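Data file: work.cif. Format and content: mmCIF, C-alpha atoms.
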```cif
data_target
loop_
_atom_site.label_atom_id
_atom_site.label_comp_id
_atom_site.auth_asym_id
_atom_site.auth_seq_id
_atom_site.Cartn_x
_atom_site.Cartn_y
_atom_site.Cartn_z
CA MET A 21 96.37 93.93 118.31
CA TYR A 22 98.37 91.59 116.11
CA SER A 23 96.68 88.45 114.87
CA LYS A 24 98.21 85.13 115.93
CA ARG A 25 99.83 84.84 112.52
CA ALA A 26 101.28 88.33 112.77
CA ARG A 27 102.78 87.51 116.15
CA ARG A 28 104.30 84.31 114.75
CA VAL A 29 105.91 86.16 111.86
CA THR A 30 107.29 88.83 114.16
CA ALA A 31 108.83 86.19 116.39
CA CYS A 32 110.79 84.88 113.40
CA THR A 33 112.76 88.12 113.00
CA ALA A 34 115.37 87.28 115.60
CA LEU A 35 118.33 89.43 116.57
CA ALA A 36 121.45 87.94 118.14
CA LEU A 37 122.04 90.74 120.62
CA SER A 38 124.36 89.93 123.49
CA ALA A 39 127.95 89.73 124.60
CA GLY A 40 128.31 86.47 122.71
CA MET A 41 127.01 85.94 119.22
CA LEU A 42 125.88 83.15 116.95
CA LEU A 43 129.00 82.01 115.16
CA ALA A 44 129.40 80.54 111.70
CA GLY A 45 132.21 78.30 112.96
CA PRO A 46 133.81 77.11 116.20
CA ALA A 47 134.86 79.73 118.73
CA SER A 48 138.49 80.48 119.46
CA ALA A 49 140.01 81.98 122.58
CA GLU A 50 139.60 85.43 121.06
CA THR A 51 136.16 84.87 119.56
CA PRO A 52 133.10 85.56 121.78
CA ALA A 53 131.19 82.42 122.72
CA PRO A 54 127.89 81.80 120.92
CA VAL A 55 124.55 82.30 122.68
CA ALA A 56 120.90 81.93 121.65
CA PRO A 57 119.42 84.76 119.55
CA ILE A 58 117.07 87.27 121.12
CA THR A 59 113.87 88.45 119.45
CA LYS A 60 113.19 92.12 118.96
CA PRO A 61 109.92 92.78 120.87
CA ALA A 62 106.83 93.47 118.78
CA PRO A 63 105.03 96.78 119.35
CA SER A 64 101.40 97.05 120.35
CA PHE A 65 99.37 98.26 117.37
CA THR A 66 95.70 98.16 116.42
CA VAL A 67 94.56 99.10 112.92
CA PRO A 68 91.57 101.45 113.24
CA LYS A 69 88.50 101.43 111.03
CA LEU A 70 88.46 103.79 108.06
CA ASN A 71 85.84 106.50 108.39
CA LEU A 72 85.35 107.68 104.82
CA PRO A 73 82.35 108.53 102.63
CA LYS A 74 81.42 106.05 99.91
CA GLN A 75 82.99 106.58 96.50
CA GLY A 76 82.09 105.13 93.12
CA ALA A 77 79.21 102.73 92.56
CA GLU A 78 77.75 100.98 95.60
CA ARG A 79 78.12 97.22 95.24
CA ALA A 80 76.91 94.24 97.25
CA GLY A 81 80.22 92.48 96.77
CA ALA A 82 83.04 91.81 94.34
CA ALA A 83 81.12 88.96 92.70
CA ALA A 84 77.93 90.96 92.28
CA ALA A 85 79.14 93.44 89.68
CA GLU A 86 82.07 94.37 87.52
CA ALA A 87 84.90 96.15 89.37
CA ASP A 88 84.93 99.94 89.18
CA PRO A 89 88.11 100.78 87.20
CA LEU A 90 88.38 104.14 88.99
CA LEU A 91 88.96 102.41 92.32
CA LEU A 92 92.47 101.05 92.74
CA SER A 93 92.35 99.56 96.25
CA ASP A 94 88.75 98.49 96.93
CA LEU A 95 89.62 95.28 98.77
CA ASN A 96 86.14 94.27 99.92
CA GLY A 97 84.06 95.37 96.90
CA ASP A 98 81.91 97.92 98.75
CA GLY A 99 82.56 100.82 96.37
CA SER A 100 85.08 102.61 98.62
CA GLU A 101 88.84 102.74 98.51
CA ASP A 102 90.54 100.75 101.26
CA VAL A 103 94.03 101.04 102.68
CA ILE A 104 96.99 98.66 102.83
CA LEU A 105 99.58 99.76 105.35
CA ARG A 106 102.94 98.78 106.78
CA GLY A 107 103.43 98.77 110.55
CA SER A 108 106.65 99.78 112.28
CA GLU A 109 107.72 96.12 112.61
CA GLY A 110 107.37 95.56 108.84
CA LEU A 111 104.11 93.57 108.73
CA LEU A 112 101.35 94.49 106.29
CA PHE A 113 97.75 95.15 107.35
CA SER A 114 94.57 96.26 105.63
CA ALA A 115 91.93 98.73 106.80
CA THR A 116 88.45 99.07 105.30
CA SER A 117 85.39 101.18 106.00
CA GLU A 118 83.44 98.13 107.23
CA GLU A 119 85.77 96.53 109.76
CA THR A 120 88.94 97.03 111.74
CA GLY A 121 92.23 96.05 110.20
CA ASP A 122 93.41 92.56 109.39
CA PHE A 123 96.80 91.04 108.72
CA PHE A 124 97.44 91.40 104.97
CA ASP A 125 99.18 88.22 103.86
CA ILE A 126 101.15 88.17 100.61
CA GLY A 127 103.10 85.04 101.45
CA ARG A 128 106.45 86.81 101.72
CA ASP A 129 107.30 86.84 105.41
CA ASP A 130 111.05 87.14 104.80
CA ASP A 131 110.90 89.77 102.05
CA ILE A 132 109.21 92.83 103.50
CA ALA A 133 107.60 95.32 101.13
CA LYS A 134 109.60 98.46 100.47
CA ASP A 135 106.69 100.03 98.60
CA ILE A 136 103.09 98.94 97.96
CA VAL A 137 101.12 100.16 94.91
CA PRO A 138 97.51 99.00 94.38
CA ILE A 139 96.64 99.31 90.68
CA GLY A 140 93.02 98.16 90.52
CA GLN A 141 91.57 95.39 88.40
CA GLN A 142 94.05 94.52 85.64
CA GLY A 143 92.50 91.45 84.09
CA GLY A 144 91.91 89.00 86.89
CA ALA A 145 88.78 88.57 88.97
CA ALA A 146 86.76 91.56 90.18
CA ALA A 147 89.39 92.51 92.74
CA PRO A 148 92.43 94.81 92.63
CA GLU A 149 95.97 93.82 91.77
CA VAL A 150 98.81 95.09 93.96
CA LEU A 151 102.41 95.82 93.02
CA VAL A 152 105.02 95.20 95.74
CA LEU A 153 108.59 96.48 95.55
CA SER A 154 111.02 94.37 97.57
CA GLU A 155 114.20 95.53 99.28
CA ASN A 156 116.34 94.05 96.49
CA GLY A 157 114.56 95.95 93.70
CA THR A 158 112.23 93.20 92.49
CA LEU A 159 108.72 94.34 91.51
CA THR A 160 106.02 91.69 91.89
CA LEU A 161 102.34 91.72 90.92
CA PHE A 162 99.95 90.16 93.45
CA ARG A 163 96.57 89.25 91.98
CA ASP A 164 93.00 89.57 93.24
CA ALA A 165 93.72 91.17 96.61
CA GLY A 166 91.15 91.05 99.39
CA PRO A 167 91.22 92.37 102.97
CA ALA A 168 93.30 89.36 104.08
CA GLY A 169 95.76 89.67 101.19
CA THR A 170 96.71 87.36 98.33
CA THR A 171 99.45 84.89 97.50
CA SER A 172 98.93 84.53 93.74
CA GLN A 173 101.79 86.41 92.15
CA SER A 174 103.99 87.00 89.12
CA VAL A 175 107.33 88.78 89.02
CA VAL A 176 107.33 91.96 86.92
CA GLY A 177 111.10 92.29 86.92
CA GLY A 178 114.22 93.44 88.75
CA GLY A 179 116.22 96.65 88.78
CA TRP A 180 113.41 98.79 90.22
CA GLN A 181 115.71 100.06 92.98
CA THR A 182 116.73 102.72 90.47
CA TYR A 183 113.50 104.49 91.48
CA ASN A 184 112.81 106.18 94.81
CA LYS A 185 109.09 106.52 94.19
CA ILE A 186 106.60 104.32 92.34
CA THR A 187 102.89 105.10 92.23
CA SER A 188 99.82 104.85 90.05
CA PRO A 189 98.12 108.03 88.85
CA GLY A 190 95.24 105.93 87.51
CA ASP A 191 94.29 105.37 83.87
CA VAL A 192 96.52 107.61 81.72
CA ASN A 193 95.52 106.43 78.23
CA ALA A 194 91.79 105.67 78.75
CA ASP A 195 92.07 101.91 78.19
CA GLY A 196 90.32 101.09 81.46
CA ARG A 197 93.49 100.02 83.31
CA ALA A 198 95.58 101.95 85.82
CA ASP A 199 99.12 102.81 84.75
CA VAL A 200 102.30 103.39 86.77
CA VAL A 201 104.79 106.25 87.10
CA ALA A 202 108.25 105.91 88.63
CA ARG A 203 110.84 108.53 89.62
CA THR A 204 114.62 108.03 89.57
CA LEU A 205 116.98 109.36 92.22
CA ASP A 206 117.96 112.27 89.97
CA GLY A 207 114.33 113.33 89.42
CA GLN A 208 113.48 111.77 86.05
CA LEU A 209 109.87 110.56 85.80
CA TYR A 210 108.85 107.60 83.65
CA LEU A 211 105.45 106.22 82.65
CA TYR A 212 104.66 102.51 82.40
CA LEU A 213 101.40 101.69 80.60
CA ALA A 214 99.37 98.70 81.74
CA THR A 215 99.15 95.84 79.25
CA GLY A 216 96.25 93.79 80.65
CA ASP A 217 98.55 90.75 80.75
CA LEU A 218 98.93 89.64 84.37
CA THR A 219 102.16 87.79 83.56
CA LYS A 220 103.68 90.93 82.03
CA PRO A 221 101.52 93.78 83.36
CA LEU A 222 103.66 96.79 82.36
CA GLY A 223 104.98 97.90 78.99
CA ALA A 224 108.28 99.62 78.20
CA ARG A 225 108.93 102.84 80.09
CA ILE A 226 108.19 106.21 78.51
CA ALA A 227 110.21 109.28 79.59
CA VAL A 228 108.02 112.04 81.05
CA GLY A 229 110.69 114.57 82.03
CA GLY A 230 113.05 115.75 84.75
CA GLY A 231 112.90 117.99 87.79
CA TRP A 232 110.56 115.77 89.80
CA ASN A 233 113.07 115.50 92.66
CA ALA A 234 111.80 118.93 93.75
CA TYR A 235 109.01 116.99 95.48
CA ASP A 236 109.16 114.92 98.63
CA GLN A 237 105.76 113.35 97.94
CA LEU A 238 104.11 112.22 94.69
CA VAL A 239 100.46 111.18 94.98
CA GLY A 240 98.70 109.31 92.18
CA LEU A 241 95.26 110.85 92.32
CA GLY A 242 93.04 109.21 89.75
CA ASP A 243 90.69 111.63 88.00
CA GLY A 244 90.64 114.83 90.06
CA ASN A 245 88.91 117.17 87.61
CA GLY A 246 86.30 114.96 85.98
CA ASP A 247 87.79 114.75 82.49
CA GLY A 248 88.48 111.01 82.66
CA LYS A 249 92.27 111.38 82.69
CA ALA A 250 94.69 110.40 85.43
CA ASP A 251 96.08 113.27 87.52
CA LEU A 252 98.88 113.77 90.05
CA TYR A 253 99.49 115.78 93.19
CA ALA A 254 103.03 116.67 94.23
CA ARG A 255 104.25 118.33 97.42
CA ASP A 256 107.48 120.29 97.47
CA THR A 257 109.81 120.63 100.46
CA ALA A 258 108.36 124.06 101.30
CA GLY A 259 104.98 122.41 101.92
CA THR A 260 103.19 123.62 98.78
CA LEU A 261 100.86 121.14 97.08
CA TRP A 262 100.75 121.19 93.27
CA PHE A 263 98.19 119.71 90.88
CA TYR A 264 99.20 118.12 87.57
CA ALA A 265 96.16 117.57 85.35
CA GLY A 266 96.28 114.57 83.05
CA THR A 267 96.43 115.24 79.31
CA GLY A 268 95.69 111.79 77.90
CA ASP A 269 98.93 112.04 75.89
CA THR A 270 101.26 109.20 76.84
CA THR A 271 104.33 111.15 75.71
CA LYS A 272 103.34 114.17 77.81
CA PRO A 273 100.84 112.81 80.33
CA PHE A 274 100.66 115.83 82.66
CA ALA A 275 99.94 119.51 81.99
CA VAL A 276 101.72 122.47 83.59
CA ARG A 277 101.31 122.41 87.35
CA THR A 278 98.95 124.63 89.30
CA SER A 279 99.26 125.48 92.99
CA ILE A 280 96.70 124.07 95.42
CA GLY A 281 98.15 125.99 98.37
CA GLY A 282 100.74 125.93 101.12
CA GLY A 283 100.82 124.48 104.61
CA TRP A 284 100.92 120.83 103.52
CA GLY A 285 104.23 120.31 105.31
CA ILE A 286 102.31 119.46 108.49
CA TYR A 287 101.55 116.03 107.01
CA ASN A 288 104.00 113.15 106.93
CA GLN A 289 101.97 111.06 104.48
CA ILE A 290 99.42 112.05 101.83
CA MET A 291 97.40 109.49 99.87
CA PRO A 292 94.43 109.26 97.49
CA ALA A 293 90.98 108.34 98.78
CA GLY A 294 89.13 107.75 95.49
CA ASP A 295 87.17 110.12 93.22
CA GLY A 296 89.94 112.74 93.41
CA ASN A 297 89.73 112.97 97.22
CA LEU A 298 92.77 112.97 99.49
CA LEU A 299 93.74 111.65 102.92
CA ALA A 300 96.56 113.18 104.94
CA ARG A 301 98.12 112.15 108.25
CA ASP A 302 99.83 114.63 110.55
CA ASN A 303 102.61 114.00 113.06
CA THR A 304 100.12 113.31 115.86
CA GLY A 305 98.78 110.29 113.96
CA THR A 306 95.49 112.02 113.10
CA LEU A 307 93.91 111.39 109.68
CA PHE A 308 92.18 114.14 107.67
CA PHE A 309 89.96 113.91 104.58
CA TYR A 310 89.93 116.46 101.74
CA ALA A 311 86.98 116.24 99.35
CA ALA A 312 87.66 117.03 95.69
CA ASN A 313 85.95 120.09 94.20
CA GLY A 314 86.02 118.57 90.72
CA ASN A 315 88.60 120.96 89.27
CA GLY A 316 91.78 119.78 90.95
CA THR A 317 91.26 121.91 94.05
CA LEU A 318 90.15 120.61 97.43
CA ALA A 319 87.50 121.53 99.97
CA ALA A 320 88.30 122.28 103.61
CA ARG A 321 89.67 119.33 105.54
CA GLN A 322 87.56 117.07 107.73
CA GLN A 323 89.05 115.19 110.67
CA THR A 324 88.30 111.51 110.16
CA SER A 325 90.00 109.86 113.15
CA GLU A 326 90.85 110.45 116.76
CA LYS A 327 94.24 111.93 117.57
CA GLY A 328 96.92 109.26 117.47
CA ASP A 329 94.76 106.55 115.86
CA TRP A 330 97.06 106.21 112.86
CA SER A 331 100.43 106.57 114.57
CA GLY A 332 102.69 103.55 114.23
CA VAL A 333 102.00 103.22 110.49
CA VAL A 334 105.33 103.51 108.70
CA GLN A 335 103.79 103.54 105.26
CA PHE A 336 100.42 103.65 103.55
CA ALA A 337 100.02 102.04 100.13
CA ARG A 338 99.80 104.65 97.34
CA ALA A 339 100.99 107.33 99.75
CA GLY A 340 103.31 109.93 98.32
CA ASN A 341 106.28 109.36 100.59
CA ILE A 342 109.61 107.81 99.63
CA PRO A 343 109.66 104.01 100.17
CA SER A 344 110.72 102.50 103.48
CA THR A 345 114.35 101.37 103.72
CA GLY A 346 114.66 99.98 107.25
CA LYS A 347 115.74 101.49 110.58
CA GLU A 348 112.39 101.23 112.26
CA GLY A 349 113.64 102.45 115.65
CA VAL A 350 116.57 103.15 117.96
CA TYR A 351 118.74 100.97 120.21
CA ALA A 352 120.07 102.29 123.52
CA THR A 353 122.57 100.80 125.96
CA THR A 354 123.23 101.67 129.59
CA SER A 355 126.48 101.75 131.53
CA ASN A 356 125.48 98.60 133.42
CA GLY A 357 125.10 96.54 130.24
CA ALA A 358 121.34 96.72 129.62
CA LEU A 359 120.02 97.03 126.07
CA TYR A 360 116.73 98.65 125.06
CA TRP A 361 114.75 99.14 121.86
CA TYR A 362 112.54 102.12 120.95
CA TYR A 363 110.16 101.79 118.00
CA ASN A 364 109.61 104.78 115.73
CA SER A 365 106.21 106.16 116.73
CA THR A 366 105.77 108.00 113.37
CA THR A 367 104.90 111.12 115.38
CA GLY A 368 108.41 112.59 115.34
CA GLY A 369 109.21 110.76 118.56
CA LEU A 370 109.76 107.26 119.88
CA ASP A 371 107.52 104.74 121.61
CA GLU A 372 108.23 103.57 125.15
CA ARG A 373 111.35 101.49 125.52
CA LEU A 374 111.28 97.70 125.35
CA GLU A 375 113.94 95.66 127.13
CA ILE A 376 116.16 93.50 124.93
CA LEU A 377 118.77 92.57 127.55
CA PRO A 378 118.68 93.20 131.30
CA ALA A 379 121.51 94.80 133.28
CA GLY A 380 124.69 92.82 132.79
CA GLY A 381 123.48 91.23 129.58
CA LEU A 382 125.84 93.15 127.28
CA ASP A 383 129.58 92.79 127.75
CA SER A 384 131.52 96.07 127.92
CA GLY A 385 133.91 94.82 125.26
CA VAL A 386 131.20 94.58 122.59
CA ALA A 387 130.52 97.62 120.37
CA LEU A 388 127.09 97.78 118.69
CA THR A 389 126.19 99.62 115.48
CA HIS A 390 122.64 99.97 114.17
CA LEU A 391 122.52 99.36 110.40
CA SER A 392 119.94 99.77 107.68
CA SER A 393 118.74 96.42 106.37
CA LEU A 394 121.45 94.25 104.80
CA ASN A 395 119.04 91.54 103.61
CA PRO A 396 115.61 91.46 101.92
CA ASP A 397 113.59 91.54 105.15
CA GLY A 398 113.50 95.35 105.25
CA ALA A 399 114.22 95.43 109.00
CA SER A 400 117.26 97.12 110.50
CA ASP A 401 120.23 94.99 111.48
CA VAL A 402 122.85 95.15 114.22
CA ALA A 403 126.60 94.89 113.76
CA MET A 404 128.69 93.79 116.75
CA LEU A 405 132.43 94.29 117.05
CA ALA A 406 134.24 92.20 119.67
CA ASN A 407 137.98 91.44 119.81
CA GLY A 408 138.30 92.57 116.21
CA TYR A 409 135.58 90.16 115.02
CA LEU A 410 132.56 91.56 113.20
CA PHE A 411 129.14 89.91 113.46
CA VAL A 412 125.90 90.99 111.77
CA GLU A 413 122.71 89.45 113.13
CA GLY A 414 124.69 86.58 114.63
CA ASN A 415 126.61 85.81 111.43
CA GLU A 416 130.39 85.98 111.72
CA ILE A 417 131.77 88.25 108.98
CA GLY A 418 135.43 87.82 109.96
CA SER A 419 138.30 89.19 112.01
CA GLY A 420 140.53 92.24 111.52
CA TRP A 421 137.72 94.77 111.86
CA GLY A 422 139.38 96.36 114.89
CA VAL A 423 141.26 98.69 112.53
CA TYR A 424 138.04 100.68 112.15
CA ASN A 425 136.70 103.11 114.73
CA THR A 426 133.34 103.75 113.03
CA LEU A 427 130.90 101.53 111.15
CA VAL A 428 127.80 102.91 109.42
CA GLY A 429 125.01 101.10 107.54
CA PRO A 430 123.39 103.92 105.50
CA GLY A 431 121.41 101.73 103.09
CA ASP A 432 122.00 101.14 99.38
CA LEU A 433 124.84 103.41 98.22
CA SER A 434 125.76 101.49 95.07
CA GLY A 435 122.26 101.37 93.55
CA ASP A 436 122.07 97.59 93.25
CA GLY A 437 119.20 97.19 95.70
CA LYS A 438 121.32 95.78 98.52
CA GLY A 439 122.34 97.50 101.74
CA ASP A 440 125.99 98.54 102.06
CA LEU A 441 128.44 99.20 104.89
CA LEU A 442 130.81 102.13 105.45
CA ALA A 443 133.90 101.76 107.64
CA ARG A 444 136.33 104.48 108.76
CA ASP A 445 139.82 103.60 109.94
CA ARG A 446 141.79 105.38 112.66
CA SER A 447 143.63 107.56 110.15
CA GLY A 448 140.36 108.92 108.75
CA VAL A 449 140.14 106.87 105.54
CA LEU A 450 136.60 105.79 104.62
CA TYR A 451 135.87 102.44 102.93
CA LEU A 452 132.77 101.10 101.21
CA TYR A 453 131.80 97.45 101.58
CA LYS A 454 129.10 96.63 99.04
CA GLY A 455 126.45 94.33 100.44
CA ASN A 456 125.43 91.15 98.65
CA GLY A 457 121.97 90.92 100.20
#
```
Serialized structure, structure tokens:
Amino acid sequence: MYSKRARRVTACTALALSAGMLLAGPASAETPAPVAPITKPAPSFTVPKLNLPKQGAERAGAAAAEADPLLLSDLNGDGSEDVILRGSEGLLFSATSEETGDFFDIGRDDDIAKDIVPIGQQGGAAAPEVLVLSENGTLTLFRDAGPAGTTSQSVVGGGWQTYNKITSPGDVNADGRADVVARTLDGQLYLYLATGDLTKPLGARIAVGGGWNAYDQLVGLGDGNGDGKADLYARDTAGTLWFYAGTGDTTKPFAVRTSIGGGWGIYNQIMPAGDGNLLARDNTGTLFFYAANGNGTLAARQQTSEKGDWSGVVQFARAGNIPSTGKEGVYATTSNGALYWYYNSTTGGLDERLEILPAGGLDSGVALTHLSSLNPDGASDVAMLANGYLFVEGNEIGSGWGVYNTLVGPGDLSGDGKGDLLARDRSGVLYLYKGNG
């Protein structure tokens, strides 16, 4: 279950969901009266223990030996890759092979991670560094991560919302540090070489090539064929997995792809497990392990969890999926004015409903719209339209919104890293309102 700290953080993400709303100014006769905000209920979730074979050199602890540069997310220094994950409510947790999961604290409760990329030891202590992409496109390096997280950080830079996937293939240029690749919305792939400077950890981007939008998952593998060069897996929308062997050439870091096989569409997230091995989760929440054969191919899968153990995880660090952008569930109203919330179960369905408001709690004159996140917290927001007034999360936006018959919050349409709003008027004209974050 959640730790006490995790519960406290969850309780801070309040939603003003009722007939009245929190108002920025005094209410008028036409403006709904303000009421106290209501907290979105937290789901029940327990991080299971990883059940993986040891990889790399066995170590007594991070202080006992130099960090293995081939391991990018060994949080407890035991010689095995660990996992950082994002739950459906937006909180980060860690899971290791030695213990059940813990709350992973990076000191950013109000700025939920959109993507999480462990990049191994980059020059700090014998512990991995972790890159975190925020909702507004800021990339931040967190230093010396352990199972409970880290708060020591340095900002890499802004503008990273131009990419819809960021991952680390491992060490591309054989300098002992893991590098980063990033893909733009139109499928261009770029390479960022590690510098070893924790205050400026990535160099200028190097163009790799186009066409990478053919894949719905990109998985930074590490060394999958034993030649000491960083490799990639990529899954296309037909479910075929492809292997890109590393070349060691920073201007052309990956060779021509080779097919690993089909049928990989049954997995919703695929991630590296160290030493060229893979983990894959299916829609039932079951985790499978694929051992590397040493040539880029994989042995038969091994089930490494009970069915459903890993449901409720929206995102695994270093997984190949596109980053999270909010909308972690579904709201539902009843004819008698009750309001319910369903969390995304990550199994293709929804968890059991949680009551937000009882019968009679929602006035019939209030129209609700579920929006992708409009601020840096990464959690979905709610717009409320009453008497022509628009409110988002209790904040009064203004009057005159009754001219619209549809409001939609699709996410970032303008590419500036901030969620936007679409509004359609009664004559069918569509308007874009760019969000300011």
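For the residues A:Thr278, A:Asp94, A:Pro189, A:Asp102, ranking by smallest atom-to-atom distance to Leu299 of chain A using only C-alpha atoms places A:Asp102 first.
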Once the PyMOL selection byres ((chain A and resi 263-266) around 9) has been applied to the shown file, what residues remain in the selection, as a PyMOL selection string? chain A and resi 189+192+243-245+247-254+261-262+267-269+272-280+316-317
List, as a ChimeraX atom specification, every residue that the PyMOL selection byres ((chain A and resi 358-366) around 6) selects in the file provided. /A:331-332,348-354,356-357,367-371,373-379,381
So which residues get picked by the PyMOL selection byres ((chain A and resi 185) around 6) here, written as a list of chain:residue names? A:Tyr183, A:Asn184, A:Ile186, A:Ala202, A:Arg203, A:Ile342
Store the residues picked out above, limited to C-alpha atoms, as a PDB file, in the coordinates of the input.
```pdb
ATOM      1  CA  TYR A 183     113.500 104.490  91.480  1.00  0.00           C
ATOM      2  CA  ASN A 184     112.810 106.180  94.810  1.00  0.00           C
ATOM      3  CA  ILE A 186     106.600 104.320  92.340  1.00  0.00           C
ATOM      4  CA  ALA A 202     108.250 105.910  88.630  1.00  0.00           C
ATOM      5  CA  ARG A 203     110.840 108.530  89.620  1.00  0.00           C
ATOM      6  CA  ILE A 342     109.610 107.810  99.630  1.00  0.00           C
TER       7      ILE A 342
END
```
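With all atoms listed in the file as the basis for measurement, A:Gln289 is the residue among A:Asp236, A:Gln289, A:Ser419, A:Asp122 that approaches Ala337 of chain A most closely.
If you measure from each of A:Gly429, A:Gly439, A:Gly99, A:Gly196 to His390 of chain A using all atoms listed in the file, the closest one turns out to be A:Gly429.
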Between atom CA of Asp217 of chain A and atom CA of Thr270 of chain A, what is the distance in Å, rounded to a tenth?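 We find that atom CA of Asp217 of chain A and atom CA of Thr270 of chain A lie 19.1 Å from each other.
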Counting all atoms listed in the file, I want the residues whose atoms come within 10 Å of (100.4, 98.7, 80.5) in the file frame, returned as a VMD selection string. chain A and resid 142 191 to 193 195 197 to 200 211 to 218 220 to 225
